[in-house]
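Here is the structure we will look at.
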Amino acid sequence: MSKPRLVVVGNGMAGIRTLEELLRLAPGKYEVTVFGAEPRPNYNRILLSPVLAGEQDFDAIVLNGYDWYREHGVTLRAGVRVTRIDRARRRVIGADGSEAPYDRLLLATGSDPFLPDIPGIRLPGVLAYRDIADTEAMIEAARAHRRAVVIGGGLLGLEAANGLAARGMQVTVVHLADWLMERQLDAAAGALLRQSLEARGIAFLTGAATEALVPGESGRVAAVRVRGMDPIPADLVVVAVGIRPSVALARDAGLPAERGIRVDDTLQTFDPRIYAVGECVSHRGVVYGLVAPLFEMARVCANHLAGHGIARYTGSVTSTRLKVTGIDLFSAGDFMGGAGKEEITLADPVGGVYKKLVIRDDRLVGACLYGDTADGAWYFRLLREARPVGEIRDALMFGETNLGDTGHQGQSRAAAMADDAEVCGCNGVCKGTIVAAIKAQGLFTLEDVRRHTKASASCGSCTGLVEQILMATAGGDYSAAPAQKAMCGCTERSHEEVRRAIRAQRLLSIPEAMAFLEWQRPDGCATCRPALNYYLISTWPKEAVDDPQSRYINERAHANIQKDGSFSVIPRMWGGETTPAELRRIADVAEKYAIRTVKVTGGQRIDLLGARKADLPAIWRDLAMPSGHAYAKALRTVKTCVGSEWCRFGTQDSTDMGKRLERALWRMYAPHKVKLAVSGCPRNCAEAGIKDVGVIGVDSGWEIYVAGNGGIKTEVAQILCKVRTAAEVLETAGAFLQLYREEGWYLERTVHYVARVGLEHVKRRVIEEGESRAALWQRLQFALDGEPDPWHEAPAARVDLRQFAPLAAAEVADVDG
């Protein structure tokens with residue numbers, strides 16, 4: 001007797017997960033044929049963004065290779081789109097004319113990208129972001145073009161923006177809502193996410209409505225027109241404004257399909273022979289787009305296809321746990337809060353952590369986490385079970401492991417979890433399943449656990465928790481990650497190893513460094529390229545090749561990009577001192593170029609906010625003042641008090657000392673921004689105690705402090721030494737900063753550098769070893785000698801003036817005529 005025939009339309013994650021569950025429950029029950037519109041095996045769409053960013057290739061994200069289909073007797077019709085269902089004859093018809101009969105039909109057609117009805121949406125150079133073909137098209141475009149605009153600041157849009165930026169494109173995100181990912185984050189978390197992405201060189205326009213995409217002379221998209229703004233130049237436009245369930249095939253077959261294909265609690269459609277799962281489905285009026293509900297549907301549907309008939313899908317209480325461009329996010333329930341609700345918040349913007357819990361009637365009803373999402377599963381369990389939280393309210397914000405009297409204090413989060421607690425929301429894997437697999441299969445590594453349980457194999461946000469469970473279960477047999485953390489996913493090398501190799505092997509360019517260090521991704525990414533570029537030019541000044549495209553947008557444009565896409569201009573004022581002539585030029589520039597805000601900064605300078613990018617070269621020409629480097633990983637300011645020249649309490653001339661320091665160091669690039677301050681007496685009006693280098697005048701000379709930091713997490717600087725003369729201040733401060741330049745890791749502030757190497761190491765190299773101090777100071781002077789002002793001095797190679805040129809009129813012509 002022949003087997004019944006099952007046809008699956010859709011070779012994506014929901015359809016194939018259903019098939020996997022069915023093969024586990026009833027292997028060999030059906031003769032199975034799978035149609036997939038893409039000419040590929042099943043792959044993990046969640047991991048398209050690392051492919052775009054160059055961190056993985058397609059093979060790394062394949063979930064079920066061609067061998068899997070063969071081994072399970074599944075006929076795969078890859079690259080064949082089903083165009084019609086003949087319900088009367090029980091057949092599906094492919095675009096190539098082929099037919100496949102069915103006894104049971106599973107529809108897993110997923111969703112289609114939504115393209116807004118605006119002029120130019122079909123122009124060449126305009127792409128959606130939904131599958132590997134879109135990803136490959138973006139990669140190809142990034143090789144040939146420079147400027148990209150992403151329409152949509154949701155998950156897909158931000159991943160697209162990050163990936164394109166990693167490939168060297170100048171990226172602007174245009175988002176209609178007031179903050180990023182407004183469906184998953186509140187305004188505060190959205191602001192932190194924006195700040196983090198802006199630091200990677202991505203520009204944002206929020207609250208911005210796209211009116212049209214404008215073609216250039218070639219017919220390819222050349223600009224994006226946003227309401228109330230100048231056109232934004234664009235060689236590539238990625239549209240990521242949402243998805244719509246793909247229901248045309250079902251609707252044409254006469255199946256009820258409004259927002260999605262209507263199914264009951266068994267995932268059965270109006271036709272009892274046809275089932276549907278995934279993003280194409282409407283269950284009890286709800287359409288789901290997250291992976292976890294889709295996999296719950298897959299389990300129930302497989303149960304009924306296997307003939308067991310006992311499972312029911314009653315809907316999903318969803319939480320969103322995502323990793324956006326490497327940043328962990330979690331939200332669940334009513335996380336916006338509002339009238340009748342209480343909110344508990346914890347914010348550490350410098351540390352990149354934000355937590356918000358919403359309580360109503362002694363129950364947790366919502367949570368929004370940014371940066372630290374380890375307790376997301378616990379909060380979600382409290383929310384789902386509607387448990388009273390009054391008794392643990394004081395410790396609620398600090399997580400499950402800090403409950404004290406509950407017996408969890410001092411344990412790892414993994415040890416405190418119950419066996420039925422969910423660890424991996426994407427794949428519905430509980431702690432007990434992971435523990436059982438580790439014990440039964442003898443698993444010792446994270447990759448082993450992923451292979452056997454799928455935990456952390458999708459978005460990866462639960463990776464740390466899975467590793468804790470592995471460590472607690474396998475004990476001494478656990479194979480931990482390397483002690484030295486890799487710079488990024490492109491290499492296994494740590495920052496320290498890369499710095500050492502560049503010096504030892506005299507590596508002078510990024511391609512040379514990548515080749516010698518066996519970089520796994522030949523193009524690198526937005527994390528490693530700026531770091532490599534800094535390490536090269538700081539180790540081998542005047543020899544290493546500076547790659548402007550490996551700098552962030554602020555350093556390429558030599559100006560700070562603002563939230564509305566305009567720029568700020570901050571000329572340098574030596575030690576915070578200026579002249580009437582400079583102030584007149586600043587006023588003239590502000591009026592001439594319609595600068596919207598003129599602001600005195602905390603670093604004793606004047607900020608011109610709202611400058612157009614195209615005006616920057618002319619603004620700097622008219623100012624005729626040195627660059628303040630307010631955009632760069634470099635010396636920002638030297639803040640001073642008036643000192644002994646004017647102040648009756650002053651013991652030293654702090655203004656003169658500050659000007660001498662700033663003139664000696666102002667061209668200095670560093671692993672991160674550097675701020676100095678000089679106070680003329682111990683009253684410390686210039687706040688020298690919270691700067692990277694602080695100098696305080698005393699009766700006998702000067703005290704020098706290092707590794708201070710202002711902001712949310714204030715770090716008081718540590719005393720380095722006392723010196724008598726201004727020359728000693730210059731040499732000592734310069735030597736410390738050169739040591740930091742040579743040993744600091746990229747994006748590591750001085751406070752973290754000193755904490756890592758120890759203050760005793762710094763004192764030994766800078767204070768105790770006189771020859772070392774002199775050599776460091778000499779190397780810094782050599783590196784800075786001849787370093788040009790980016791706007792005024794030849795060679796002006798640091799500023800590519802072509803980037804400021806407006807589009808030609810033909811390129812921004814109104815397509816409406």
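Chain labels run A, B, ... following the order of the structure tokens; each chain numbers its residues from 1, and ligands are numbered from 1 in the order shown.
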
DSSP strand (DSSP E) residues within region 184-346 of chain A, as a VMD selection string: chain A and resid 203 to 206 210 to 215 221 to 226 232 to 233 236 to 239 243 to 245 261 to 263 274 to 276 281 to 283 319 to 324 327 to 333 342 to 346

Near-region 782-792 of chain A list (9 Å; only C-alpha atoms; drop same-chain fewer than 4 positions) as a PyMOL selection string: chain A and resi 538+540-542+558+617+620-621+624-627+664-669+777-778+796-799

Shell around region 672-678 of chain A at 9 Å using only C-alpha atoms, local window under 2 positions removed, as a PyMOL selection string: chain A and resi 575+603+630-641+643+654-655+657-658+661-662+669-670+680+684-697+709+737+744-750

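Those residues that approach Gly289 (chain A) to within 10 Å, counting only C-alpha atoms, are Gly110, Ser111, Ile243, Arg244, Pro245, Gly278, Glu279, Cys280 and Val281 of chain A; same-chain residues fewer than 6 positions away are not listed.
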
Counting only C-alpha atoms, the option among A:Val757, A:Val600, A:Leu739, A:Leu197 closest to Thr539 (chain A): A:Leu739
